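Quick look at entry37.txt (compact mmCIF, C-alpha atoms):
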```txt
# COMPACT_ATOMS: atom_id res chain seq x y z
CA MET A 23 -7.86 21.54 -47.94
CA ARG A 24 -6.24 19.05 -45.58
CA SER A 25 -6.01 15.47 -46.64
CA PRO A 26 -7.84 12.94 -44.45
CA LEU A 27 -4.46 11.63 -43.30
CA VAL A 28 -3.26 15.07 -42.23
CA ALA A 29 -6.54 15.68 -40.47
CA LEU A 30 -6.22 12.35 -38.67
CA LEU A 31 -2.66 13.14 -37.61
CA LEU A 32 -3.70 16.55 -36.33
CA PHE A 33 -6.53 14.93 -34.38
CA ALA A 34 -4.18 12.34 -32.97
CA THR A 35 -1.71 14.96 -31.77
CA GLN A 36 -4.56 16.69 -29.92
CA LEU A 37 -5.44 13.60 -27.88
CA PRO A 38 -2.92 14.16 -25.07
CA ALA A 39 -4.17 17.72 -24.63
CA GLN A 40 -7.74 16.48 -24.35
CA THR A 41 -6.81 14.10 -21.57
CA ALA A 42 -4.42 16.50 -19.86
CA THR A 43 -7.24 18.18 -17.92
CA ALA A 44 -6.75 17.25 -14.30
CA PRO A 45 -9.83 15.58 -12.86
CA THR A 46 -11.59 17.13 -9.90
CA PHE A 47 -12.82 15.27 -6.86
CA ALA A 48 -15.21 16.11 -4.07
CA PRO A 49 -13.59 16.38 -0.63
CA PRO A 50 -12.95 12.81 0.49
CA VAL A 51 -15.36 11.05 2.81
CA ARG A 52 -14.69 8.06 5.01
CA VAL A 53 -16.04 4.76 3.77
CA GLN A 54 -18.01 2.76 6.29
CA ALA A 55 -19.26 -0.79 6.57
CA ASP A 56 -22.14 -1.60 8.89
CA GLY A 57 -21.91 1.92 10.26
CA LYS A 58 -18.22 1.75 11.19
CA ASP A 59 -15.24 3.42 9.57
CA LEU A 60 -13.23 0.96 7.51
CA GLY A 61 -9.52 0.53 7.95
CA THR A 62 -9.26 1.80 11.52
CA SER A 63 -7.93 -1.43 13.02
CA ARG A 64 -5.66 -2.27 10.09
CA LEU A 65 -2.05 -1.59 9.19
CA TYR A 66 -1.82 0.15 5.81
CA PRO A 67 -5.29 -0.75 4.48
CA SER A 68 -5.24 -1.50 0.77
CA PRO A 69 -8.71 -1.54 -0.85
CA VAL A 70 -9.70 -3.38 -4.01
CA LEU A 71 -13.19 -3.61 -5.54
CA HIS A 72 -14.44 -6.93 -6.85
CA ASP A 73 -17.77 -8.72 -7.11
CA THR A 74 -17.15 -11.65 -4.76
CA ASN A 75 -20.69 -13.04 -4.58
CA GLY A 76 -21.81 -12.64 -8.19
CA ASP A 77 -24.64 -10.21 -7.49
CA GLY A 78 -23.30 -7.70 -10.00
CA LEU A 79 -22.11 -5.27 -7.33
CA ALA A 80 -18.46 -4.58 -6.63
CA ASP A 81 -17.66 -5.48 -3.04
CA LEU A 82 -14.90 -3.82 -1.07
CA LEU A 83 -11.96 -6.00 -0.08
CA ILE A 84 -9.21 -4.62 2.11
CA GLY A 85 -5.75 -6.10 2.37
CA ASP A 86 -3.24 -5.01 4.97
CA LEU A 87 0.40 -5.15 5.99
CA ARG A 88 -0.12 -8.40 7.86
CA GLY A 89 -1.21 -10.11 4.66
CA ARG A 90 -4.86 -10.62 5.53
CA ILE A 91 -7.92 -9.58 3.50
CA THR A 92 -11.44 -8.69 4.61
CA VAL A 93 -14.60 -8.46 2.52
CA ALA A 94 -17.44 -5.95 2.90
CA LEU A 95 -20.31 -6.86 0.58
CA ARG A 96 -21.88 -3.96 -1.25
CA LEU A 97 -25.53 -3.44 -0.43
CA PRO A 98 -28.01 -2.82 -3.28
CA GLY A 99 -28.93 0.77 -4.01
CA ALA A 100 -27.99 3.59 -6.33
CA GLY A 101 -25.58 6.43 -5.62
CA LEU A 102 -22.76 6.32 -3.13
CA PRO A 103 -22.00 2.79 -1.97
CA ARG A 104 -23.10 1.19 1.28
CA PHE A 105 -21.40 -1.92 2.59
CA ALA A 106 -22.31 -4.72 4.98
CA LYS A 107 -20.18 -5.73 7.96
CA GLU A 108 -16.67 -6.92 7.12
CA THR A 109 -15.81 -10.60 7.22
CA LYS A 110 -12.47 -12.36 6.83
CA LEU A 111 -11.60 -13.73 3.40
CA LEU A 112 -11.16 -17.45 3.91
CA ALA A 113 -9.19 -19.89 1.83
CA LYS A 114 -10.59 -23.15 0.54
CA ASP A 115 -9.13 -24.95 3.56
CA GLY A 116 -11.41 -22.91 5.82
CA ASP A 117 -8.57 -20.91 7.37
CA GLU A 118 -8.12 -17.20 6.86
CA LEU A 119 -6.34 -16.49 3.59
CA ASP A 120 -2.84 -15.61 4.77
CA PHE A 121 -0.31 -13.93 2.51
CA ALA A 122 2.77 -15.00 4.41
CA ASN A 123 4.51 -11.96 5.75
CA TRP A 124 7.56 -11.13 7.77
CA MET B 21 0.01 -5.30 0.28
CA SER B 22 -1.62 -4.88 -3.12
CA PRO B 23 -4.33 -7.47 -3.82
CA GLN B 24 -5.15 -7.85 -7.52
CA PHE B 25 -7.78 -10.12 -9.01
CA VAL B 26 -6.29 -11.52 -12.22
CA ASP B 27 -6.33 -14.79 -14.17
CA PHE B 28 -2.68 -15.48 -13.42
CA ASP B 29 -2.47 -18.93 -15.01
CA ALA B 30 -4.95 -18.46 -17.88
CA ASP B 31 -7.29 -21.17 -16.62
CA GLY B 32 -10.40 -19.01 -16.84
CA ASP B 33 -10.84 -17.95 -13.22
CA LEU B 34 -9.56 -15.02 -11.22
CA ASP B 35 -6.66 -15.63 -8.88
CA LEU B 36 -5.25 -13.19 -6.32
CA VAL B 37 -1.81 -11.68 -6.79
CA ALA B 38 -0.33 -9.48 -4.09
CA GLY B 39 2.98 -7.93 -3.21
CA THR B 40 3.61 -8.10 0.52
CA TYR B 41 5.91 -6.48 3.03
CA ASP B 42 8.19 -9.53 3.03
CA GLY B 43 9.50 -8.22 -0.30
CA SER B 44 8.02 -10.74 -2.74
CA PRO B 45 4.91 -11.16 -4.89
CA HIS B 46 2.52 -13.91 -3.84
CA LEU B 47 -0.21 -15.83 -5.61
CA ALA B 48 -3.40 -17.36 -4.21
CA ARG B 49 -4.76 -19.60 -6.94
CA ARG B 50 -8.49 -19.90 -7.43
CA ASP B 51 -9.42 -23.55 -7.31
CA GLY B 52 -13.07 -24.12 -8.11
CA ASP B 53 -15.08 -22.43 -5.39
CA GLY B 54 -12.22 -21.10 -3.30
CA PHE B 55 -8.67 -19.83 -3.05
CA LEU B 56 -5.71 -21.99 -2.15
CA GLN B 57 -3.38 -20.56 0.48
CA PRO B 58 -0.88 -18.14 -1.10
CA GLU B 59 2.50 -19.18 -2.43
CA GLN B 60 5.51 -17.10 -3.41
CA ILE B 61 5.83 -16.43 -7.13
CA LEU B 62 9.20 -17.78 -8.27
CA ASP B 63 11.32 -16.91 -11.28
CA ALA B 64 12.18 -19.27 -14.15
CA GLU B 65 15.03 -20.76 -12.09
CA GLY B 66 12.77 -21.46 -9.12
CA VAL B 67 14.17 -18.59 -7.07
CA ARG B 68 12.07 -16.19 -5.05
CA ILE B 69 11.42 -12.84 -6.78
CA VAL B 70 12.74 -9.83 -4.86
CA LEU B 71 14.08 -6.38 -5.66
CA HIS B 72 16.83 -6.24 -3.04
CA GLN B 73 15.66 -6.30 0.57
CA TYR B 74 13.44 -9.14 1.75
CA TRP B 75 12.46 -11.06 4.85
CA ASP B 76 14.11 -14.45 4.88
CA HIS B 77 11.51 -16.71 6.49
CA ASP B 78 14.03 -19.52 6.97
CA VAL B 79 16.31 -17.54 9.27
CA SER B 80 13.76 -14.93 10.39
CA LYS B 81 15.69 -11.81 9.47
CA TRP B 82 15.90 -9.09 6.84
CA THR B 83 18.27 -10.03 4.03
CA GLU B 84 19.50 -8.46 0.81
CA SER B 85 20.03 -9.88 -2.65
CA SER B 86 21.70 -8.44 -5.75
CA ARG B 87 20.67 -11.39 -7.90
CA GLY B 88 18.18 -9.30 -9.87
CA ASP B 89 20.66 -6.56 -10.82
CA LEU B 90 21.25 -6.18 -14.54
CA PRO B 91 24.71 -5.68 -16.10
CA GLY B 92 25.39 -2.04 -16.86
CA GLU B 93 22.42 -0.86 -14.81
CA PRO B 94 22.52 0.80 -11.38
CA ALA B 95 22.21 -1.67 -8.53
CA VAL B 96 18.66 -1.96 -7.24
CA GLN B 97 18.38 -0.99 -3.58
CA GLY B 98 14.67 -1.48 -3.31
CA HIS B 99 12.10 -3.30 -1.23
CA GLY B 100 9.28 -4.62 -3.40
CA THR B 101 6.07 -4.54 -1.40
CA SER B 102 3.54 -4.20 -4.22
CA ALA B 103 3.07 -6.19 -7.41
CA ILE B 104 0.70 -6.49 -10.34
CA ALA B 105 0.51 -9.04 -13.14
CA PHE B 106 0.24 -7.24 -16.47
CA ASP B 107 1.02 -8.04 -20.11
CA ASP B 108 3.48 -5.19 -20.35
CA ASP B 109 5.08 -6.27 -23.63
CA GLY B 110 1.90 -7.37 -25.38
CA ASP B 111 3.05 -10.93 -26.06
CA GLY B 112 -0.04 -12.56 -24.60
CA ASP B 113 1.26 -13.53 -21.17
CA LEU B 114 1.44 -11.74 -17.83
CA ASP B 115 4.64 -10.03 -16.78
CA LEU B 116 5.12 -8.75 -13.24
CA LEU B 117 5.48 -5.12 -12.25
CA LEU B 118 6.99 -4.53 -8.82
CA GLY B 119 6.65 -1.30 -6.81
CA ASP B 120 9.54 -0.17 -4.63
CA HIS B 121 8.58 0.84 -1.12
CA LYS B 122 12.04 2.46 -0.61
CA SER B 123 12.06 4.60 -3.78
CA GLY B 124 9.61 5.79 -6.41
CA HIS B 125 10.76 3.23 -8.97
CA VAL B 126 8.85 0.40 -10.59
CA TYR B 127 10.52 -2.73 -11.95
CA ARG B 128 9.50 -5.39 -14.43
CA ARG B 129 10.08 -9.11 -14.43
CA GLU B 130 9.42 -10.29 -17.97
CA ASN B 131 7.47 -13.50 -18.43
CA ARG B 132 9.51 -15.55 -20.89
CA GLY B 133 7.24 -18.53 -20.56
CA THR B 134 3.60 -18.73 -21.54
CA ALA B 135 0.30 -17.47 -20.23
CA LYS B 136 -0.42 -20.86 -18.64
CA THR B 137 3.13 -21.53 -17.46
CA PRO B 138 4.89 -18.29 -16.57
CA ALA B 139 8.69 -18.22 -16.45
CA TYR B 140 9.94 -14.96 -15.00
CA ALA B 141 13.30 -13.46 -15.86
CA ARG B 142 15.81 -13.06 -13.01
CA GLY B 143 16.54 -9.41 -13.78
CA ASN B 144 14.71 -6.37 -12.42
CA GLU B 145 14.20 -3.96 -15.36
CA ARG B 146 13.30 -0.38 -14.61
CA VAL B 147 9.93 0.65 -16.04
CA LEU B 148 10.02 3.97 -17.85
CA ALA B 149 7.55 6.83 -18.05
CA ASP B 150 8.14 9.56 -20.60
CA GLY B 151 11.51 7.95 -21.36
CA LYS B 152 12.79 8.07 -17.77
CA PRO B 153 12.54 5.60 -14.89
CA ILE B 154 9.24 6.03 -13.11
CA ASP B 155 9.84 8.02 -9.95
CA VAL B 156 6.73 8.34 -7.80
CA PRO B 157 7.10 11.21 -5.29
CA GLY B 158 7.13 9.84 -1.77
CA THR B 159 8.03 6.23 -2.78
CA VAL B 160 5.62 3.58 -4.06
CA ALA B 161 3.00 2.36 -1.60
CA THR B 162 1.11 0.44 -4.25
CA LEU B 163 0.47 0.28 -7.98
CA ARG B 164 -2.69 -0.61 -9.84
CA LEU B 165 -3.93 -1.11 -13.38
CA VAL B 166 -6.81 1.00 -14.58
CA ASP B 167 -7.95 2.43 -17.89
CA TRP B 168 -8.10 5.89 -16.37
CA ASP B 169 -8.67 7.78 -19.65
CA GLN B 170 -10.96 5.04 -21.00
CA ASP B 171 -9.06 4.66 -24.28
CA GLY B 172 -8.94 0.87 -24.12
CA ARG B 173 -5.39 0.68 -22.75
CA GLN B 174 -4.42 -0.14 -19.21
CA ASP B 175 -2.77 2.79 -17.45
CA LEU B 176 -0.74 2.70 -14.26
CA LEU B 177 -2.12 4.12 -11.02
CA PHE B 178 0.12 4.74 -8.01
CA GLY B 179 -0.30 5.59 -4.35
CA SER B 180 2.71 6.93 -2.52
CA MET B 181 3.89 6.58 1.07
CA GLY B 182 5.08 10.08 1.87
CA ASP B 183 6.44 10.79 5.33
CA VAL B 184 4.39 8.44 7.47
CA TYR B 185 5.45 9.74 10.90
CA GLY B 186 7.13 13.13 10.54
CA GLU B 187 6.30 16.60 9.32
CA ALA B 188 7.55 16.25 5.72
CA ALA B 189 5.15 15.98 2.78
CA GLY B 190 2.70 13.11 2.82
CA GLY B 191 1.56 10.75 0.08
CA GLY B 192 -0.53 11.29 -3.03
CA VAL B 193 -2.14 9.47 -5.95
CA PHE B 194 -0.67 9.55 -9.46
CA TRP B 195 -1.12 7.91 -12.83
CA CYS B 196 0.81 7.33 -16.05
CA ARG B 197 -1.10 7.18 -19.31
CA ASN B 198 -0.41 4.15 -21.48
CA VAL B 199 0.53 5.68 -24.82
CA GLY B 200 1.56 2.37 -26.36
CA ASP B 201 0.31 0.84 -29.58
CA GLY B 202 -2.42 -1.15 -27.86
CA LYS B 203 -0.16 -4.18 -27.47
CA ALA B 204 3.14 -3.29 -25.81
CA ALA B 205 2.70 -0.69 -23.09
CA ARG B 206 4.55 2.61 -23.12
CA PHE B 207 3.89 5.14 -20.43
CA GLY B 208 3.63 8.91 -20.55
CA PRO B 209 4.69 11.29 -17.79
CA LEU B 210 3.48 10.94 -14.24
CA GLN B 211 0.34 12.99 -13.56
CA THR B 212 -1.17 13.92 -10.23
CA LEU B 213 -4.67 12.86 -9.22
CA VAL B 214 -4.43 13.62 -5.50
CA ALA B 215 -1.62 15.98 -4.52
CA PRO B 216 0.74 14.89 -1.73
CA SER B 217 -0.66 15.92 1.61
CA PRO B 218 0.77 19.13 3.11
CA LYS B 219 -0.39 17.81 6.53
CA GLY B 220 -0.99 20.28 9.35
CA HIS B 221 -4.67 19.38 9.80
CA THR B 222 -6.60 19.79 13.04
CA GLU B 223 -8.89 16.85 12.24
CA ALA B 224 -8.90 13.82 9.95
CA VAL B 225 -9.77 15.28 6.56
CA ARG B 226 -7.95 13.03 4.08
CA PRO B 227 -5.44 10.19 3.82
CA ASP B 228 -2.11 11.89 4.54
CA ALA B 229 0.44 9.09 4.30
CA GLY B 230 0.67 5.53 3.03
CA LEU B 231 -1.92 5.97 0.28
CA TYR B 232 -3.31 2.78 -1.31
CA PRO B 233 -5.73 3.76 -4.11
CA GLU B 234 -8.24 1.77 -6.13
CA ALA B 235 -10.15 3.28 -9.08
CA ALA B 236 -13.70 2.32 -9.98
CA ASP B 237 -17.03 3.91 -10.84
CA VAL B 238 -18.51 3.34 -7.40
CA ASP B 239 -21.39 5.78 -7.75
CA GLY B 240 -22.43 4.62 -11.22
CA ASP B 241 -22.19 8.03 -12.88
CA GLY B 242 -19.87 6.89 -15.66
CA ASP B 243 -16.53 8.16 -14.40
CA LEU B 244 -13.84 6.70 -12.22
CA ASP B 245 -13.77 7.52 -8.53
CA LEU B 246 -10.94 6.75 -6.13
CA VAL B 247 -11.16 4.60 -3.02
CA VAL B 248 -8.03 5.24 -0.99
CA GLY B 249 -6.72 3.56 2.14
CA GLY B 250 -4.22 5.51 4.20
CA TYR B 251 -3.22 7.13 7.44
CA SER B 252 -4.70 10.42 8.52
CA LEU B 253 -2.42 12.61 10.62
CA TRP B 254 -3.73 15.51 12.60
CA THR B 255 -3.32 17.49 15.79
CA PRO B 256 -6.52 18.73 17.48
CA PRO B 257 -6.57 22.46 18.17
CA SER B 258 -5.07 23.47 21.48
CA ARG B 259 -6.45 26.04 23.92
CA ALA B 260 -4.71 28.71 25.97
CA LEU B 261 -3.53 27.35 29.32
CA ASN B 262 -3.56 29.31 32.57
CA ALA B 263 -0.47 29.51 34.76
CA THR B 264 -1.46 26.52 36.90
CA GLU B 265 -2.09 24.37 33.84
CA GLN B 266 1.21 25.42 32.30
CA GLN B 267 3.00 24.40 35.48
CA ARG B 268 1.18 21.07 35.48
CA VAL B 269 2.22 20.43 31.86
CA ALA B 270 5.85 21.05 32.78
CA THR B 271 5.58 18.67 35.73
CA ILE B 272 3.97 15.92 33.67
CA ARG B 273 6.62 16.21 30.96
CA SER B 274 9.34 16.01 33.59
CA ASP B 275 7.70 12.93 35.15
CA LEU B 276 7.42 11.28 31.73
CA GLN B 277 11.10 11.93 31.05
CA ALA B 278 11.96 10.27 34.35
CA LEU B 279 9.87 7.23 33.41
CA ASP B 280 11.58 7.11 30.01
CA ALA B 281 14.94 7.07 31.77
CA GLU B 282 13.85 4.15 33.97
CA LEU B 283 12.67 2.25 30.90
CA GLU B 284 15.94 2.92 29.13
CA LYS B 285 17.84 1.42 32.07
CA LEU B 286 15.77 -1.76 31.76
CA ASN B 287 16.47 -1.84 28.02
CA GLN B 288 20.19 -1.50 28.58
CA VAL B 289 20.19 -4.36 31.09
CA ALA B 290 18.33 -6.66 28.68
CA GLN B 291 20.42 -5.64 25.66
CA ALA B 292 23.68 -6.20 27.50
CA VAL B 293 23.53 -9.87 26.48
CA PHE B 294 24.33 -8.88 22.90
CA THR B 295 27.76 -7.64 23.97
CA GLU B 296 28.33 -10.47 26.43
CA VAL B 297 27.28 -13.41 24.22
CA ARG B 298 28.68 -13.85 20.71
CA ASP B 299 26.38 -16.64 19.54
CA GLU B 300 23.36 -14.91 17.98
CA GLU B 301 20.85 -17.62 18.81
CA GLU B 302 21.99 -17.84 22.42
CA ALA B 303 21.99 -14.04 22.73
CA ASN B 304 18.42 -13.84 21.44
CA LYS B 305 17.36 -16.53 23.90
CA ARG B 306 18.95 -14.72 26.84
CA TYR B 307 17.55 -11.37 25.71
CA THR B 308 14.04 -12.82 25.63
CA ALA B 309 14.53 -14.29 29.10
CA ALA B 310 15.89 -11.00 30.46
CA PHE B 311 13.00 -9.10 28.90
CA GLN B 312 10.44 -11.46 30.42
CA ALA B 313 12.12 -11.19 33.82
CA GLN B 314 11.49 -7.44 33.69
CA LYS B 315 7.80 -7.85 33.00
CA LYS B 316 6.60 -6.69 36.42
CA GLU B 317 8.79 -3.57 36.34
CA ARG B 318 7.76 -2.75 32.77
CA ASP B 319 4.08 -3.18 33.61
CA GLN B 320 4.47 -0.84 36.59
CA LEU B 321 6.16 1.77 34.42
CA ARG B 322 3.34 1.54 31.89
CA GLU B 323 0.70 1.86 34.62
CA ARG B 324 2.39 5.01 35.91
CA ARG B 325 2.77 6.43 32.42
CA GLU B 326 -0.76 5.98 31.04
CA PRO B 327 -2.62 8.42 33.35
CA LEU B 328 0.08 11.03 32.84
CA GLU B 329 -0.23 10.73 29.05
CA THR B 330 -4.01 10.99 29.26
CA GLU B 331 -3.82 14.08 31.45
CA LEU B 332 -1.23 15.69 29.16
CA ALA B 333 -3.33 14.98 26.06
CA ASN B 334 -6.27 16.79 27.71
CA LEU B 335 -4.10 19.84 28.31
CA VAL B 336 -1.97 19.77 25.15
CA PRO B 337 -3.57 17.78 22.33
CA ALA B 338 -1.25 15.13 20.96
CA LYS B 339 -0.68 14.21 17.35
CA GLN B 340 -3.18 11.67 16.07
CA ARG B 341 -2.51 8.97 13.49
CA ARG B 342 -5.21 6.60 12.33
CA ALA B 343 -5.93 4.54 9.24
CA PHE B 344 -9.17 4.94 7.30
CA VAL B 345 -10.52 4.18 3.84
CA TRP B 346 -11.68 7.23 1.90
CA LEU B 347 -13.83 7.84 -1.17
CA TYR B 348 -12.84 10.58 -3.60
CA GLU B 349 -15.92 11.07 -5.77
CA ASN B 350 -14.99 12.21 -9.27
CA THR B 351 -16.80 15.46 -10.02
CA THR B 352 -15.04 16.38 -13.27
CA LYS B 353 -18.18 16.14 -15.42
CA ARG B 354 -20.26 18.45 -13.22
```

Kindly transcribe the structure held in the file into structure tokens.
Amino acid sequence: MRSPLVALLLFATQLPAQTATAPTFAPPVRVQADGKDLGTSRLYPSPVLHDTNGDGLADLLIGDLRGRITVALRLPGAGLPRFAKETKLLAKDGDELDFANW
Amino acid sequence: MSPQFVDFDADGDLDLVAGTYDGSPHLARRDGDGFLQPEQILDAEGVRIVLHQYWDHDVSKWTESSRGDLPGEPAVQGHGTSAIAFDDDGDGDLDLLLGDHKSGHVYRRENRGTAKTPAYARGNERVLADGKPIDVPGTVATLRLVDWDQDGRQDLLFGSMGDVYGEAAGGGVFWCRNVGDGKAARFGPLQTLVAPSPKGHTEAVRPDAGLYPEAADVDGDGDLDLVVGGYSLWTPPSRALNATEQQRVATIRSDLQALDAELEKLNQVAQAVFTEVRDEEEANKRYTAAFQAQKKERDQLRERREPLETELANLVPAKQRRAFVWLYENTTKR
């Protein structure tokens, strides 16, 4: 009979195999905000999800090559996400947040 | 760009860290109810953090620096356009990981200060995966932190550039499992989540190049989905042309070549100042003046070109390139 330690070690060595299964994804679909495709007027759109208004829903922020960020608030509802119209992410000084770029 | 919400200075609120195309990581501090305008993150000696290539804002040109090279290590030739703050060594403060837009490598700047007062080392250390320097196929577009396997440790997620304009393989999405002890990170081999695009599509079906992924459970089903920004590249299907249409295509292409030649002559005239004037500032000034003096001719060339391009695209569909944001819904559990 295996000792508990041996059993634990055997279990531990199996962990990588358990996680080695490649995930599967549905064919990708375009994300929209207010009925419009996101990212189309941007250079290298870079999305990040974050609850910006404290409603418990992760909103979609998109940065770009120019160093600007937009926010599309997530609308309530289960299932695939729906987002409101994009707005510019402003800094405390009231100007658009501007990650200085070249 | 790679925006990351993170409490950079351990003051209890979430700041924004982002690598940008100018080659350096930036920080927008959260101050009460808003963000302050971004600042460059500096190292412990007050010097801007770069890999190698960067845009020098003071002289408005691309510049290179070897300051971050480490003795005995290969010189870094990179361009750091993505960055994340991450406690890589498990000492309780945030180090910086920098993604190289020109290669598939990732570099670390160790924080030798504290969580509240970071002090970043001047050297760019290569980050390893499976004992070898991380080498993301297609070069690093961005990097992210995510507990992909939900084991309580932060893993690394990458999007790659791929060939953004040409016919070579496009970008993909990859991850490296954190197999560390729960404190210091150690990364396993690179694994593929979204294979690099083979391209060749006749419509926009996926992000093909310049992939910027984010991972989150967006549909609330308990697993991590991918939201990916990137360029779709496709060529709409063409139709068989009759003899008249084929002749028209040849004529349009010939006309466009002639317009290109006229434009090239204008370019040569404007650029001649760079051989005639040695002073760079004066040459730039004269070039700008010469370019502006050609405005009417350039506008006329463009006006002649646009209808020809439109007509040609109707006969022979042109390559399309457009940025979108895509959702890859995780269906593994189904």

Excluding same-chain residues fewer than 5 positions from Ala105 in chain B, what lies within 6 Å of it counting all atoms listed in the file, as a list of chain:residue names? B:Leu114, B:Asp115, B:Leu116

Find the residues near range 330-344 of chain B: any atom within 7 Å, counting all atoms listed in the file, skip ones fewer than 2 places away on the same chain, and give them as number ranges by chain. A: 52, 59-62, 64, 66; B: 249-258, 269, 272, 326-328, 346

Export C-alpha atoms of the chosen residues as a PDB file, in the frame of the given file?
```pdb
ATOM      1  CA  ARG A  52     -14.690   8.060   5.010  1.00  0.00           C
ATOM      2  CA  ASP A  59     -15.240   3.420   9.570  1.00  0.00           C
ATOM      3  CA  LEU A  60     -13.230   0.960   7.510  1.00  0.00           C
ATOM      4  CA  GLY A  61      -9.520   0.530   7.950  1.00  0.00           C
ATOM      5  CA  THR A  62      -9.260   1.800  11.520  1.00  0.00           C
ATOM      6  CA  ARG A  64      -5.660  -2.270  10.090  1.00  0.00           C
ATOM      7  CA  TYR A  66      -1.820   0.150   5.810  1.00  0.00           C
TER       8      TYR A  66
ATOM      9  CA  GLY B 249      -6.720   3.560   2.140  1.00  0.00           C
ATOM     10  CA  GLY B 250      -4.220   5.510   4.200  1.00  0.00           C
ATOM     11  CA  TYR B 251      -3.220   7.130   7.440  1.00  0.00           C
ATOM     12  CA  SER B 252      -4.700  10.420   8.520  1.00  0.00           C
ATOM     13  CA  LEU B 253      -2.420  12.610  10.620  1.00  0.00           C
ATOM     14  CA  TRP B 254      -3.730  15.510  12.600  1.00  0.00           C
ATOM     15  CA  THR B 255      -3.320  17.490  15.790  1.00  0.00           C
ATOM     16  CA  PRO B 256      -6.520  18.730  17.480  1.00  0.00           C
ATOM     17  CA  PRO B 257      -6.570  22.460  18.170  1.00  0.00           C
ATOM     18  CA  SER B 258      -5.070  23.470  21.480  1.00  0.00           C
ATOM     19  CA  VAL B 269       2.220  20.430  31.860  1.00  0.00           C
ATOM     20  CA  ILE B 272       3.970  15.920  33.670  1.00  0.00           C
ATOM     21  CA  GLU B 326      -0.760   5.980  31.040  1.00  0.00           C
ATOM     22  CA  PRO B 327      -2.620   8.420  33.350  1.00  0.00           C
ATOM     23  CA  LEU B 328       0.080  11.030  32.840  1.00  0.00           C
ATOM     24  CA  TRP B 346     -11.680   7.230   1.900  1.00  0.00           C
TER      25      TRP B 346
END
```

Can you tell me which residues surround range 97-99 of chain B at a distance of at most 8 Å, considering all atoms listed in the file, apart from same-chain residues fewer than 4 positions away, and format the answer as a count of residues only? 10

Compile a residue-level contact table for chain B against chain A at a cut-off of 7 Å, reporting for every qualifying residue the shortest atom pair and its distance in Å to one decimal, with only C-alpha atoms counted, rows ordered by chain and ascending number, as CSV.
```
residue,atom,partner,partner_atom,distance
B:Met21,CA,A:Asp86,CA,5.7
B:Ser22,CA,A:Ser68,CA,6.3
B:Pro23,CA,A:Gly85,CA,6.5
B:Thr40,CA,A:Asn123,CA,6.6
B:Tyr41,CA,A:Asn123,CA,6.3
B:Asp42,CA,A:Trp124,CA,5.0
B:His46,CA,A:Phe121,CA,7.0
B:Gly54,CA,A:Lys114,CA,4.6
B:Phe55,CA,A:Ala113,CA,4.9
B:Leu56,CA,A:Ala113,CA,5.7
B:Gln57,CA,A:Leu119,CA,5.9
B:Pro58,CA,A:Phe121,CA,5.6
B:Trp75,CA,A:Trp124,CA,5.7
B:His77,CA,A:Trp124,CA,7.0
B:Asp169,CA,A:Thr41,CA,6.9
B:Leu213,CA,A:Pro45,CA,6.9
B:Arg226,CA,A:Pro50,CA,6.2
B:Gly230,CA,A:Tyr66,CA,6.5
B:Tyr232,CA,A:Ser68,CA,5.1
B:Pro233,CA,A:Pro69,CA,6.9
B:Glu234,CA,A:Val70,CA,5.8
B:Val238,CA,A:Pro103,CA,6.5
B:Asp239,CA,A:Gly101,CA,4.7
B:Gly240,CA,A:Gly101,CA,6.7
B:Val247,CA,A:Pro69,CA,7.0
B:Val248,CA,A:Pro69,CA,6.8
B:Gly249,CA,A:Pro67,CA,5.1
B:Gly250,CA,A:Tyr66,CA,6.1
B:Arg342,CA,A:Thr62,CA,6.3
B:Ala343,CA,A:Thr62,CA,4.9
B:Phe344,CA,A:Gly61,CA,4.5
B:Val345,CA,A:Val53,CA,5.6
B:Trp346,CA,A:Arg52,CA,4.4
B:Leu347,CA,A:Pro50,CA,5.3
B:Tyr348,CA,A:Pro50,CA,4.7
B:Glu349,CA,A:Phe47,CA,5.3
B:Asn350,CA,A:Phe47,CA,4.5
B:Thr351,CA,A:Phe47,CA,5.1
B:Thr352,CA,A:Thr46,CA,4.9
```

Could you please determine the separation between CA of Met181 in chain B and CA of Pro45 in chain B in Å, to one decimal place?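 Computed distance, CA of Met181 in chain B to CA of Pro45 in chain B, equals 18.7 Å.
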
Quick one: everything within 7 Å of Arg129 in chain B, counting only C-alpha atoms, minus sequence neighbours fewer than 3 positions away in the same chain. Send it as a list in words.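 The filter keeps Asp115, Leu116, Leu117, Tyr140, Ala141, Gly143, Asn144 and Glu145 of chain B.
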
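If you look at CA of Ala135 in chain B and CA of Thr162 in chain B, they are 24.0 Å away from each other.
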
Please report the interatomic distance between CA of Leu34 in chain B and CA of Ile104 in chain B in Å with one decimal. 13.4 Å

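Proximity to Thr74 in chain A was assessed for A:Arg104, A:Pro98, A:Val93, A:Asp56 counting all atoms listed in the file; the smallest distance is recorded for A:Val93.
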
Range 298-314 of chain B environment, 12 Å, all atoms listed in the file, sequence neighbours closer than 3 positions dropped, as an NGL selection string: :B and (79-81 or 282-283 or 285-295 or 317-321)
